[in-house]
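**Student:** Hey, dropping my_file-v2.cif in here, mmCIF, C-alpha atoms:
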data_coords
loop_
_atom_site.label_atom_id
_atom_site.label_comp_id
_atom_site.auth_asym_id
_atom_site.auth_seq_id
_atom_site.Cartn_x
_atom_site.Cartn_y
_atom_site.Cartn_z
CA MET E 284 103.22 -48.27 -44.83
CA ASN E 285 100.82 -51.01 -43.99
CA ILE E 286 97.23 -50.60 -42.88
CA LEU E 287 97.32 -47.09 -44.34
CA HIS E 288 97.79 -48.62 -47.77
CA LYS E 289 94.82 -50.90 -47.42
CA GLY E 290 93.14 -49.55 -50.54
CA LYS E 291 96.22 -49.70 -52.76
CA SER E 292 96.14 -52.50 -55.30
CA SER E 293 99.12 -54.46 -56.60
CA PHE E 294 99.55 -56.22 -59.91
CA GLY E 295 100.97 -59.52 -61.13
CA ILE E 296 102.74 -61.99 -58.90
CA LYS E 297 102.58 -59.65 -55.90
CA LYS E 298 98.85 -60.27 -55.71
CA ILE E 299 99.32 -63.96 -55.05
CA LEU E 300 102.62 -63.66 -53.17
CA PRO E 301 100.98 -63.82 -49.70
CA PHE E 302 99.01 -66.94 -50.65
CA ILE E 303 102.08 -68.60 -52.18
CA THR E 304 104.36 -67.79 -49.23
CA VAL E 305 101.87 -69.08 -46.62
CA LEU E 306 101.37 -72.22 -48.74
CA PHE E 307 105.14 -72.65 -48.83
CA LEU E 308 105.23 -72.37 -45.02
CA ILE E 309 102.55 -75.11 -44.81
CA ILE E 310 104.70 -77.38 -46.99
CA ILE E 311 107.75 -76.65 -44.79
CA MET E 312 105.63 -77.77 -41.82
CA VAL E 313 104.78 -81.18 -43.32
CA LEU E 314 108.22 -82.28 -44.56
CA PRO E 315 109.31 -85.62 -43.07
CA TYR E 316 111.95 -84.45 -40.59
CA GLN E 317 114.14 -87.24 -39.24
CA TYR E 318 114.26 -85.96 -35.67
CA LYS E 319 110.92 -86.05 -33.94
CA ILE E 320 112.08 -83.48 -31.37
CA ILE E 321 111.84 -80.91 -34.19
CA ALA E 322 108.67 -82.41 -35.61
CA ASN E 323 106.75 -82.57 -32.31
CA THR E 324 107.37 -78.95 -31.51
CA MET E 325 106.92 -77.50 -34.98
CA PRO E 326 106.19 -73.76 -34.61
CA PHE E 327 102.98 -72.28 -36.05
CA LEU E 328 104.67 -71.08 -39.25
CA THR E 329 101.40 -70.34 -41.02
CA LEU E 330 100.37 -68.04 -38.19
CA ILE E 331 103.57 -66.03 -38.71
CA GLY E 332 102.74 -65.75 -42.42
CA ILE E 333 99.12 -64.75 -41.78
CA TYR E 334 100.23 -62.19 -39.16
CA TYR E 335 102.85 -60.68 -41.46
CA TRP E 336 100.59 -60.33 -44.51
CA SER E 337 97.49 -59.26 -42.59
CA PHE E 338 99.60 -56.58 -40.94
CA PHE E 339 101.58 -55.31 -43.94
CA LYS E 340 99.32 -56.07 -46.95
CA PRO E 341 95.86 -56.89 -45.62
CA ASN E 342 94.18 -56.41 -49.01
CA LEU E 343 96.33 -59.18 -50.54
CA LEU E 344 95.17 -61.83 -48.11
CA PRO E 345 91.36 -61.83 -47.97
CA ILE E 346 89.42 -64.02 -45.55
CA GLY E 347 88.54 -66.48 -48.36
CA ALA E 348 92.25 -67.08 -49.01
CA VAL E 349 92.88 -67.64 -45.30
CA PHE E 350 89.99 -70.13 -45.23
CA VAL E 351 91.42 -72.09 -48.19
CA LEU E 352 94.93 -72.03 -46.67
CA GLY E 353 93.53 -73.38 -43.39
CA LEU E 354 91.75 -76.23 -45.18
CA LEU E 355 94.91 -77.03 -47.14
CA GLN E 356 96.89 -77.15 -43.92
CA ASP E 357 94.31 -79.49 -42.35
CA THR E 358 94.47 -81.74 -45.41
CA LEU E 359 98.26 -81.96 -45.51
CA LEU E 360 98.73 -82.23 -41.73
CA GLY E 361 95.93 -84.72 -41.23
CA SER E 362 94.38 -82.53 -38.54
CA PRO E 363 90.57 -82.32 -38.12
CA PHE E 364 89.16 -80.73 -41.27
CA GLY E 365 88.20 -77.11 -40.55
CA LEU E 366 90.35 -76.68 -37.43
CA MET E 367 93.14 -74.59 -38.95
CA SER E 368 90.79 -72.58 -41.15
CA LEU E 369 88.79 -71.63 -38.04
CA LEU E 370 91.89 -70.76 -36.01
CA LEU E 371 93.55 -68.76 -38.79
CA ILE E 372 90.37 -66.78 -39.52
CA VAL E 373 89.98 -65.93 -35.81
CA ALA E 374 93.67 -64.93 -35.69
CA GLN E 375 93.32 -62.71 -38.76
CA GLN E 376 90.23 -60.99 -37.36
CA PHE E 377 92.14 -60.36 -34.13
CA ILE E 378 94.95 -58.77 -36.15
CA PHE E 379 92.47 -56.55 -38.05
CA PHE E 380 90.78 -55.60 -34.80
CA GLN E 381 94.10 -54.58 -33.28
CA SER E 382 95.42 -52.95 -36.48
CA ARG E 383 94.28 -49.44 -35.58
CA HIS E 384 96.46 -49.63 -32.45
CA PHE E 385 99.49 -50.96 -34.35
CA LEU E 386 99.93 -47.76 -36.33
CA GLU E 387 100.15 -45.59 -33.29
CA LYS E 388 102.55 -47.67 -31.23
CA ASN E 389 106.19 -48.75 -31.49
CA PHE E 390 107.76 -52.11 -32.33
CA ILE E 391 107.73 -53.32 -28.71
CA PHE E 392 103.96 -52.78 -28.47
CA ASN E 393 103.36 -54.54 -31.79
CA PHE E 394 105.55 -57.45 -30.77
CA PHE E 395 103.65 -57.67 -27.47
CA ILE E 396 100.39 -57.97 -29.46
CA TYR E 397 102.04 -60.69 -31.57
CA ILE E 398 103.02 -62.60 -28.42
CA MET E 399 99.42 -62.36 -27.14
CA LEU E 400 98.17 -63.62 -30.50
CA VAL E 401 100.53 -66.63 -30.52
CA ILE E 402 99.64 -67.57 -26.93
CA GLY E 403 95.93 -67.31 -27.72
CA PHE E 404 96.33 -69.29 -30.93
CA GLY E 405 98.34 -72.05 -29.23
CA PHE E 406 95.95 -72.57 -26.36
CA LEU E 407 92.87 -72.27 -28.56
CA SER E 408 94.23 -74.96 -30.88
CA TRP E 409 95.02 -77.13 -27.83
CA GLY E 410 91.55 -76.51 -26.34
CA ILE E 411 89.60 -77.23 -29.53
CA THR E 412 91.65 -80.35 -30.29
CA SER E 413 91.19 -81.66 -26.73
CA LEU E 414 87.45 -81.05 -27.06
CA TYR E 415 87.38 -82.69 -30.50
CA PHE E 416 89.11 -85.87 -29.33
CA GLY E 417 87.43 -85.81 -25.91
CA VAL E 418 90.73 -86.13 -24.02
CA PHE E 419 92.96 -83.78 -22.06
CA LEU E 420 95.96 -83.42 -24.38
CA ASP E 421 99.47 -82.66 -23.20
CA TYR E 422 99.96 -78.88 -23.21
CA TRP E 423 103.75 -78.73 -22.66
CA LYS E 424 104.50 -79.26 -26.34
CA VAL E 425 102.11 -76.42 -27.17
CA ILE E 426 104.06 -74.14 -24.83
CA ILE E 427 107.27 -75.05 -26.67
CA GLN E 428 105.49 -74.44 -30.00
CA ILE E 429 104.39 -71.01 -28.73
CA LEU E 430 107.93 -70.09 -27.63
CA LEU E 431 109.43 -71.23 -30.95
CA THR E 432 106.77 -69.31 -32.93
CA ILE E 433 107.68 -66.16 -31.00
CA ALA E 434 111.42 -66.74 -31.45
CA LEU E 435 111.18 -67.49 -35.17
CA TYR E 436 109.13 -64.40 -36.06
CA PRO E 437 112.06 -62.01 -36.75
CA ILE E 438 113.70 -64.52 -39.14
CA ILE E 439 110.54 -65.27 -41.11
CA LYS E 440 109.55 -61.61 -41.12
CA LEU E 441 112.96 -60.75 -42.61
CA THR E 442 112.61 -63.46 -45.29
CA LEU E 443 109.07 -62.39 -46.18
CA SER E 444 110.00 -58.70 -46.36
CA LEU E 445 112.91 -59.53 -48.69
CA ASN E 446 110.43 -61.40 -50.91
CA ASN E 447 108.00 -58.52 -50.65
CA LYS E 448 110.61 -55.95 -51.73
CA SER E 449 112.00 -57.98 -54.63
CA MET V 236 76.00 -51.67 -45.04
CA ASN V 237 79.65 -52.44 -45.89
CA GLY V 238 80.32 -53.32 -42.26
CA PHE V 239 77.28 -55.61 -42.21
CA ARG V 240 78.47 -57.41 -45.38
CA LYS V 241 81.93 -57.82 -43.90
CA ARG V 242 80.52 -59.29 -40.70
CA LEU V 243 78.32 -61.62 -42.77
CA THR V 244 81.36 -62.85 -44.73
CA ILE V 245 83.34 -63.48 -41.54
CA SER V 246 80.40 -65.34 -39.97
CA PHE V 247 79.99 -67.43 -43.14
CA PHE V 248 83.61 -68.63 -43.14
CA ILE V 249 83.64 -69.28 -39.39
CA LEU V 250 80.40 -71.27 -39.66
CA ALA V 251 81.77 -73.18 -42.68
CA SER V 252 84.89 -74.13 -40.69
CA ILE V 253 82.80 -75.29 -37.72
CA SER V 254 80.53 -77.30 -40.06
CA PHE V 255 83.57 -79.02 -41.59
CA LEU V 256 84.82 -79.82 -38.09
CA ILE V 257 81.48 -81.35 -37.09
CA PHE V 258 80.80 -83.30 -40.30
CA GLY V 259 84.43 -84.35 -40.69
CA ARG V 260 84.37 -85.94 -37.24
CA SER V 261 82.26 -88.84 -38.44
CA GLN V 262 84.73 -89.63 -41.28
CA ASN V 263 82.40 -88.15 -43.90
CA THR V 264 83.16 -89.98 -47.18
CA LEU V 265 82.96 -86.87 -49.34
CA ILE V 266 85.31 -84.89 -47.09
CA GLU V 267 87.75 -87.83 -46.96
CA GLN V 268 87.66 -88.10 -50.78
CA ILE V 269 88.32 -84.37 -51.18
CA ARG V 270 91.22 -84.57 -48.74
CA ALA V 271 92.67 -87.57 -50.59
CA TYR V 272 92.41 -85.75 -53.92
CA VAL V 273 94.08 -82.61 -52.53
CA PHE V 274 97.01 -84.34 -50.82
CA ASP V 275 97.55 -86.41 -53.95
CA LEU V 276 97.84 -83.15 -55.87
CA PHE V 277 100.43 -81.80 -53.44
CA ILE V 278 102.70 -84.86 -53.29
CA PRO V 279 104.90 -83.76 -56.26
CA ILE V 280 105.24 -80.23 -54.81
CA ILE V 281 106.17 -81.56 -51.36
CA THR V 282 108.70 -83.93 -52.94
CA LEU V 283 110.24 -81.03 -54.85
CA VAL V 284 110.48 -78.76 -51.78
CA ASP V 285 111.92 -81.69 -49.80
CA ILE V 286 114.93 -82.15 -52.13
CA PRO V 287 117.37 -79.94 -50.12
CA ARG V 288 116.34 -81.52 -46.78
CA ASP V 289 116.57 -84.99 -48.23
CA ALA V 290 120.00 -84.32 -49.75
CA THR V 291 121.33 -82.92 -46.44
CA SER V 292 119.91 -85.87 -44.54
CA ASN V 293 121.47 -88.37 -46.98
CA LEU V 294 124.83 -86.63 -46.72
CA SER V 295 124.82 -86.69 -42.91
CA ASP V 296 123.77 -90.37 -42.96
CA ARG V 297 126.63 -91.13 -45.33
CA VAL V 298 129.18 -89.36 -43.13
CA ARG V 299 127.87 -91.17 -40.05
CA ASN V 300 127.99 -94.53 -41.84
CA ILE V 301 131.59 -93.98 -42.95
CA ALA V 302 132.60 -92.97 -39.44
CA MET V 303 131.03 -96.11 -37.96
CA VAL V 304 132.02 -98.66 -40.61
CA PHE V 305 134.71 -100.42 -38.52
CA SER V 306 132.70 -100.74 -35.32
CA ASP V 307 129.61 -101.79 -37.32
CA ASN V 308 131.61 -104.45 -39.15
CA ARG V 309 132.84 -105.99 -35.90
CA PHE V 310 129.35 -105.93 -34.40
CA LEU V 311 127.80 -107.49 -37.53
CA ARG V 312 130.35 -110.35 -37.59
CA GLU V 313 129.51 -111.23 -33.98
CA GLU V 314 125.79 -110.90 -34.69
CA ASN V 315 126.11 -113.12 -37.76
CA ILE V 316 127.57 -115.98 -35.70
CA GLU V 317 124.73 -115.63 -33.17
CA LEU V 318 122.09 -115.49 -35.92
CA LYS V 319 123.41 -118.63 -37.60
CA ARG V 320 123.02 -120.48 -34.30
CA LYS V 321 119.49 -119.11 -33.88
CA LEU V 322 118.59 -120.07 -37.45
CA ILE V 323 119.17 -123.74 -36.68
CA GLU V 324 116.99 -123.49 -33.56
CA SER V 325 114.33 -121.59 -35.46
CA THR V 326 114.20 -124.13 -38.30
CA GLU V 327 113.64 -126.93 -35.78
CA LEU V 328 110.86 -124.95 -34.11
CA GLU V 329 109.30 -124.16 -37.47
CA ILE V 330 109.12 -127.84 -38.38
CA ASP V 331 107.57 -128.64 -34.98
CA ASN V 332 105.11 -125.79 -35.36
CA PHE V 333 104.08 -126.92 -38.85
CA ARG V 334 103.58 -130.50 -37.66
CA LEU V 335 101.44 -129.43 -34.67
CA LYS V 336 99.34 -127.08 -36.80
CA SER V 337 98.72 -129.89 -39.30
CA LEU V 338 97.60 -132.15 -36.46
CA LEU V 339 95.16 -129.50 -35.19
CA ASN V 340 94.10 -128.52 -38.72
CA ILE V 341 95.02 -124.86 -38.10
CA LYS V 342 95.26 -122.78 -41.25
CA ASN V 343 97.54 -119.75 -41.57
CA GLY V 344 96.24 -116.53 -43.11
CA THR V 345 97.83 -115.21 -46.27
CA LEU V 346 100.19 -112.30 -46.06
CA ASN V 347 100.98 -110.23 -49.16
CA THR V 348 103.29 -107.27 -49.46
CA VAL V 349 101.20 -104.84 -51.49
CA THR V 350 103.95 -102.30 -52.08
CA ALA V 351 107.03 -100.63 -50.65
CA SER V 352 106.65 -96.86 -50.30
CA ARG V 353 108.56 -93.77 -49.39
CA ILE V 354 107.38 -91.36 -46.71
CA VAL V 355 106.82 -87.98 -48.31
CA SER V 356 105.13 -86.01 -45.56
CA ASP V 357 104.66 -86.04 -41.80
CA SER V 358 101.99 -84.33 -39.71
CA ASN V 359 104.71 -82.89 -37.42
CA SER V 360 102.21 -81.99 -34.74
CA PRO V 361 101.99 -82.91 -31.06
CA PHE V 362 98.26 -83.66 -31.54
CA PHE V 363 98.15 -85.76 -34.71
CA ARG V 364 100.47 -88.61 -35.72
CA SER V 365 100.14 -89.53 -39.37
CA MET V 366 102.20 -89.49 -42.52
CA LEU V 367 101.75 -89.56 -46.26
CA ILE V 368 103.32 -92.27 -48.41
CA ASN V 369 103.74 -92.21 -52.19
CA SER V 370 101.56 -95.23 -53.02
CA GLY V 371 97.82 -95.28 -53.50
CA THR V 372 95.05 -97.12 -55.32
CA GLN V 373 97.30 -97.43 -58.38
CA ALA V 374 99.57 -99.69 -56.29
CA ASN V 375 96.51 -101.58 -54.91
CA VAL V 376 96.71 -99.91 -51.51
CA LYS V 377 93.39 -100.00 -49.66
CA LYS V 378 91.99 -98.42 -46.53
CA GLY V 379 92.77 -100.65 -43.54
CA HIS V 380 95.98 -102.18 -44.89
CA ALA V 381 98.76 -102.56 -42.32
CA VAL V 382 102.00 -100.58 -42.65
CA VAL V 383 105.21 -102.15 -41.35
CA ASN V 384 108.97 -102.10 -41.75
CA GLU V 385 111.73 -104.56 -40.82
CA GLU V 386 111.50 -103.47 -37.16
CA GLY V 387 107.76 -103.98 -36.69
CA VAL V 388 104.35 -102.33 -36.93
CA ILE V 389 104.14 -98.65 -37.96
CA GLY V 390 100.40 -98.09 -38.40
CA ARG V 391 97.54 -98.55 -40.82
CA ILE V 392 96.15 -96.86 -43.93
CA ILE V 393 93.25 -94.50 -43.19
CA ASN V 394 92.84 -92.57 -46.45
CA VAL V 395 93.82 -93.54 -49.98
CA ALA V 396 94.28 -91.42 -53.10
CA VAL V 397 95.49 -92.50 -56.55
CA ASN V 398 99.22 -92.06 -55.90
CA SER V 399 99.38 -91.51 -52.17
CA SER V 400 97.90 -92.65 -48.87
CA ARG V 401 97.70 -91.45 -45.30
CA VAL V 402 99.06 -93.70 -42.57
CA LEU V 403 97.75 -93.39 -39.01
CA LEU V 404 100.73 -94.08 -36.79
CA LEU V 405 100.68 -96.50 -33.88
CA ASN V 406 101.21 -93.66 -31.38
CA ASP V 407 98.34 -91.45 -32.61
CA ILE V 408 95.64 -90.85 -30.02
CA ASN V 409 93.06 -92.51 -32.31
CA SER V 410 95.12 -95.65 -32.90
CA ARG V 411 93.94 -98.93 -31.33
CA ILE V 412 95.39 -102.29 -32.28
CA PRO V 413 94.86 -105.78 -30.86
CA VAL V 414 98.08 -107.17 -29.36
CA LYS V 415 99.22 -109.92 -27.01
CA PHE V 416 101.86 -110.46 -24.36
CA VAL V 417 104.39 -113.02 -25.58
CA LYS V 418 105.00 -114.58 -22.15
CA ASN V 419 101.37 -115.51 -21.40
CA GLY V 420 99.45 -114.88 -24.63
CA ILE V 421 97.02 -112.45 -22.93
CA ASN V 422 95.17 -110.38 -25.56
CA VAL V 423 94.85 -106.65 -24.93
CA ILE V 424 94.24 -103.45 -26.89
CA LEU V 425 97.22 -101.21 -27.46
CA ALA V 426 96.39 -97.51 -27.58
CA GLY V 427 98.40 -94.55 -28.81
CA ASN V 428 98.49 -91.34 -26.79
CA ASN V 429 100.49 -88.95 -28.98
CA SER V 430 103.58 -89.51 -26.85
CA ARG V 431 106.75 -91.52 -27.35
CA PHE V 432 105.31 -94.45 -25.40
CA LEU V 433 102.23 -96.54 -26.08
CA GLY V 434 99.70 -97.66 -23.48
CA ILE V 435 97.24 -100.47 -22.87
CA ASN V 436 93.51 -100.05 -22.44
CA PHE V 437 91.71 -102.36 -20.02
CA MET V 438 94.50 -104.55 -18.69
CA PRO V 439 93.04 -107.65 -16.93
CA GLU V 440 93.42 -107.23 -13.16
CA ASP V 441 94.99 -110.64 -12.58
CA VAL V 442 97.75 -110.06 -15.16
CA LYS V 443 100.89 -108.26 -14.08
CA ALA V 444 103.20 -106.79 -16.70
CA VAL V 445 106.90 -106.39 -15.96
CA ASN V 446 109.66 -104.45 -17.66
CA GLY V 447 110.98 -106.26 -20.70
CA ASP V 448 107.71 -108.00 -21.63
CA LEU V 449 107.44 -108.32 -25.39
CA ILE V 450 104.29 -107.24 -27.19
CA LEU V 451 103.29 -108.70 -30.57
CA THR V 452 100.23 -108.30 -32.76
CA SER V 453 97.55 -110.84 -31.90
CA GLY V 454 96.05 -111.02 -35.39
CA MET V 455 92.56 -110.38 -34.03
CA GLY V 456 90.47 -108.00 -36.11
CA GLY V 457 92.14 -109.18 -39.28
CA VAL V 458 94.06 -105.96 -40.05
CA PHE V 459 97.47 -106.96 -38.72
CA PRO V 460 98.89 -110.44 -39.17
CA PRO V 461 99.73 -112.20 -35.89
CA ASP V 462 103.18 -112.11 -34.27
CA LEU V 463 104.56 -108.88 -35.69
CA PRO V 464 106.77 -106.98 -33.20
CA VAL V 465 104.95 -104.00 -31.67
CA GLY V 466 107.01 -103.01 -28.64
CA VAL V 467 108.43 -103.79 -25.25
CA VAL V 468 107.24 -102.82 -21.76
CA VAL V 469 109.67 -100.26 -20.35
CA ASN V 470 107.84 -99.01 -17.28
CA VAL V 471 104.98 -100.15 -15.07
CA LEU V 472 103.77 -97.34 -12.84
CA ALA V 473 102.34 -97.79 -9.35
CA THR V 474 98.95 -96.72 -10.74
CA GLY V 475 99.03 -99.75 -13.04
CA GLU V 476 99.74 -97.69 -16.13
CA ILE V 477 102.01 -99.53 -18.57
CA LYS V 478 104.46 -97.74 -20.82
CA ILE V 479 105.48 -99.53 -23.99
CA GLU V 480 108.33 -98.45 -26.22
CA PRO V 481 107.48 -99.08 -29.89
CA ALA V 482 109.65 -101.61 -31.73
CA VAL V 483 109.85 -99.14 -34.60
CA ASN V 484 112.09 -96.11 -34.32
CA PHE V 485 109.77 -93.39 -35.63
CA ASP V 486 112.72 -90.97 -35.83
CA ARG V 487 114.41 -92.88 -38.64
CA LEU V 488 111.57 -93.82 -40.96
CA ASN V 489 112.18 -93.45 -44.68
CA TYR V 490 110.61 -96.44 -46.39
CA VAL V 491 107.71 -98.65 -45.33
CA SER V 492 105.89 -101.72 -46.61
CA VAL V 493 102.14 -101.90 -47.03
CA ILE V 494 100.84 -105.38 -46.31
CA ASP V 495 97.54 -107.10 -46.85
CA TYR V 496 96.55 -109.86 -44.48
CA GLU V 497 93.73 -112.27 -45.16
CA ILE V 498 92.47 -114.57 -42.45
CA ALA V 499 92.35 -118.20 -43.57
CA ASN V 500 88.98 -119.21 -44.95
CA PHE V 501 87.50 -122.47 -43.88
CA SER V 502 85.88 -123.59 -47.10
CA GLU V 503 82.40 -124.99 -46.79
CA LEU V 504 82.28 -128.74 -46.87
CA SER V 505 80.69 -130.31 -49.92
CA GLU V 506 77.80 -132.77 -49.65
CA GLY V 507 80.19 -135.70 -50.15
CA GLN V 508 82.64 -134.45 -47.51
CA MET V 509 79.79 -133.95 -45.04
CA GLU V 510 78.64 -137.51 -45.68
CA ASN V 511 82.18 -138.76 -45.09
CA ASN V 512 82.51 -136.74 -41.89
CA LYS V 513 79.29 -138.13 -40.43
CA PRO V 514 79.90 -140.82 -37.80
CA SER V 515 79.22 -144.26 -39.15
CA ARG V 516 76.34 -146.43 -37.88
CA LEU V 517 78.83 -148.57 -36.05
CA GLU V 518 80.34 -145.50 -34.29
CA ARG V 519 76.85 -144.22 -33.42
CA SER V 520 75.87 -147.55 -31.99
CA LYS V 521 79.05 -147.50 -29.89
CA GLN V 522 78.07 -144.06 -28.56
#
Rewrite the structure from the file as structure tokens, please.
**Tutor:**
Amino acid sequence: MNILHKGKSSFGIKKILPFITVLFLIIIMVLPYQYKIIANTMPFLTLIGIYYWSFFKPNLLPIGAVFVLGLLQDTLLGSPFGLMSLLLIVAQQFIFFQSRHFLEKNFIFNFFIYIMLVIGFGFLSWGITSLYFGVFLDYWKVIIQILLTIALYPIIKLTLSLNNKS
Amino acid sequence: MNGFRKRLTISFFILASISFLIFGRSQNTLIEQIRAYVFDLFIPIITLVDIPRDATSNLSDRVRNIAMVFSDNRFLREENIELKRKLIESTELEIDNFRLKSLLNIKNGTLNTVTASRIVSDSNSPFFRSMLINSGTQANVKKGHAVVNEEGVIGRIINVAVNSSRVLLLNDINSRIPVKFVKNGINVILAGNNSRFLGINFMPEDVKAVNGDLILTSGMGGVFPPDLPVGVVVNVLATGEIKIEPAVNFDRLNYVSVIDYEIANFSELSEGQMENNKPSRLERSKQ
């Protein structure tokens, strides 16, 4: 259903649906929430989007699109320019590298790979940002972000698959 | 061959991202301009997507306000009596202050409110503390302008587009502002650290801060006008580390003011004035 259909092409809005949905997730991330407890531990929503589309429709989200989405996220978040594009590209390549194993295993195995990806993504973002600013940044909030990203996956996956089917 | 091309494409995008990271670090003008142009483009979309959240937030605020109207009314009446008393004291002090400044020939800087703006986007990240406001060059906002509200200092403008600007918040790790302790007038540099509390870099060894000490802007550097509320010392650790709670509640920010502060210019004296200011022959002979 997914990687097997890599060569299949889609027409119309479906072609840009992955880009639009990830962009929408970026906008959700930058809304001015009143309670900073939510804002400071904002899950990596774009990573969920990139994971979902790279897993189910990899041909609809090429590396160039991921690069542009990363730069857009950096621009809207105010994070160092190039940080998110680098992290999202690395994450997507990890998903592609693991994709051959996904097909042969069950949901639990796939979810385990997802958890590994989120942990890696979280700590890599923390590490690069610490290096960039030259200070040892607090990692507890990243751990909360990682846990929330893992917990939110089923909900966002359900929403994206409803969009995908319609 | 196909595999080689694929690897080349991946390497290209990874290298491009790393290059942006490196060149963007030194606040590259071109990159900053591109960023300003892009976030300006997205402001209407963000505002549109924000409508449901904004409506829900307004509704909950309204319900809370209705629920608290009686207790608020009682509190405000008591506060009003206290404020009236303080107003009389303050007016007396203001007159004294004006008289002393005139005696010392001290000139105040000029403070202009450039614009009032609405916050349209927040970085929502534990690593970066900034927000986008819906005013830019069209409203005469410039890089370096101070951003405040009725509670105190919020931050400063770091990137300006036509209809929007990015504000670096006081608690961002890159934020440094000159401040002073009210009780002794000691000037220090307040630094953000991405947490709820602010800190102080290079506290003089002979100065001891205690809980409750008020921190105001010192006016040095010319970005922030002097005497704006910044925060209050809430904890002094055994290591000497000082924790300051910001005067501004960052959880409840909706609207902000962008202000422009100009340090008073001491106009050059004309030839005639210089002649007049020269000590007379008689005075010189006395010396």
**Student:** Could you list, as a PyMOL selection string, every residue matched by the PyMOL selection byres ((chain V) within 7 of (chain E)) in this structure?
**Tutor:** chain V and resi 248-249+252-253+255-256+259+270+274+281+285+355-361+363+365+486-487
**Student:** Here's the selection I'm unsure about, the PyMOL selection byres ((chain V and resi 406) around 8); applied to the file above, which residues does it give, as a PyMOL selection string?
**Tutor:** chain V and resi 364+404-405+407-408+410+426-433
**Student:** May I ask for the distance between atom CA of V:Val471 and atom CA of V:Ala381, given in Å to one decimal place?
**Tutor:** 28.1 Å
**Student:** Report the distance between atom CA of V:Asp495 and atom CA of V:Gly456 in Å, rounded to one decimal place.
**Tutor:** 12.9 Å
**Student:** If you apply the PyMOL selection byres ((chain V and resi 411-417) around 6) to this file, what residues do you get, as a compact mmCIF listing (two decimals) with C-alpha atoms, in the frame of the given file?
**Tutor:**
# COMPACT_ATOMS: atom_id res chain seq x y z
CA SER V 410 95.12 -95.65 -32.90
CA LYS V 418 105.00 -114.58 -22.15
CA ASN V 419 101.37 -115.51 -21.40
CA GLY V 420 99.45 -114.88 -24.63
CA ILE V 421 97.02 -112.45 -22.93
CA ASN V 422 95.17 -110.38 -25.56
CA VAL V 423 94.85 -106.65 -24.93
CA ILE V 424 94.24 -103.45 -26.89
CA LEU V 425 97.22 -101.21 -27.46
CA ALA V 426 96.39 -97.51 -27.58
CA LEU V 449 107.44 -108.32 -25.39
CA ILE V 450 104.29 -107.24 -27.19
CA LEU V 451 103.29 -108.70 -30.57
CA THR V 452 100.23 -108.30 -32.76
CA SER V 453 97.55 -110.84 -31.90
**Student:** Set the distance at 9 Å and use only C-alpha atoms: which residues neighbour stretch 383-391 of chain V once local chain neighbours fewer than 3 positions away are removed? I'd like the list as a PyMOL selection string.
**Tutor:** chain V and resi 365+378-380+401-406+410+412+451-452+458-459+463-466+481-485+488+490-494
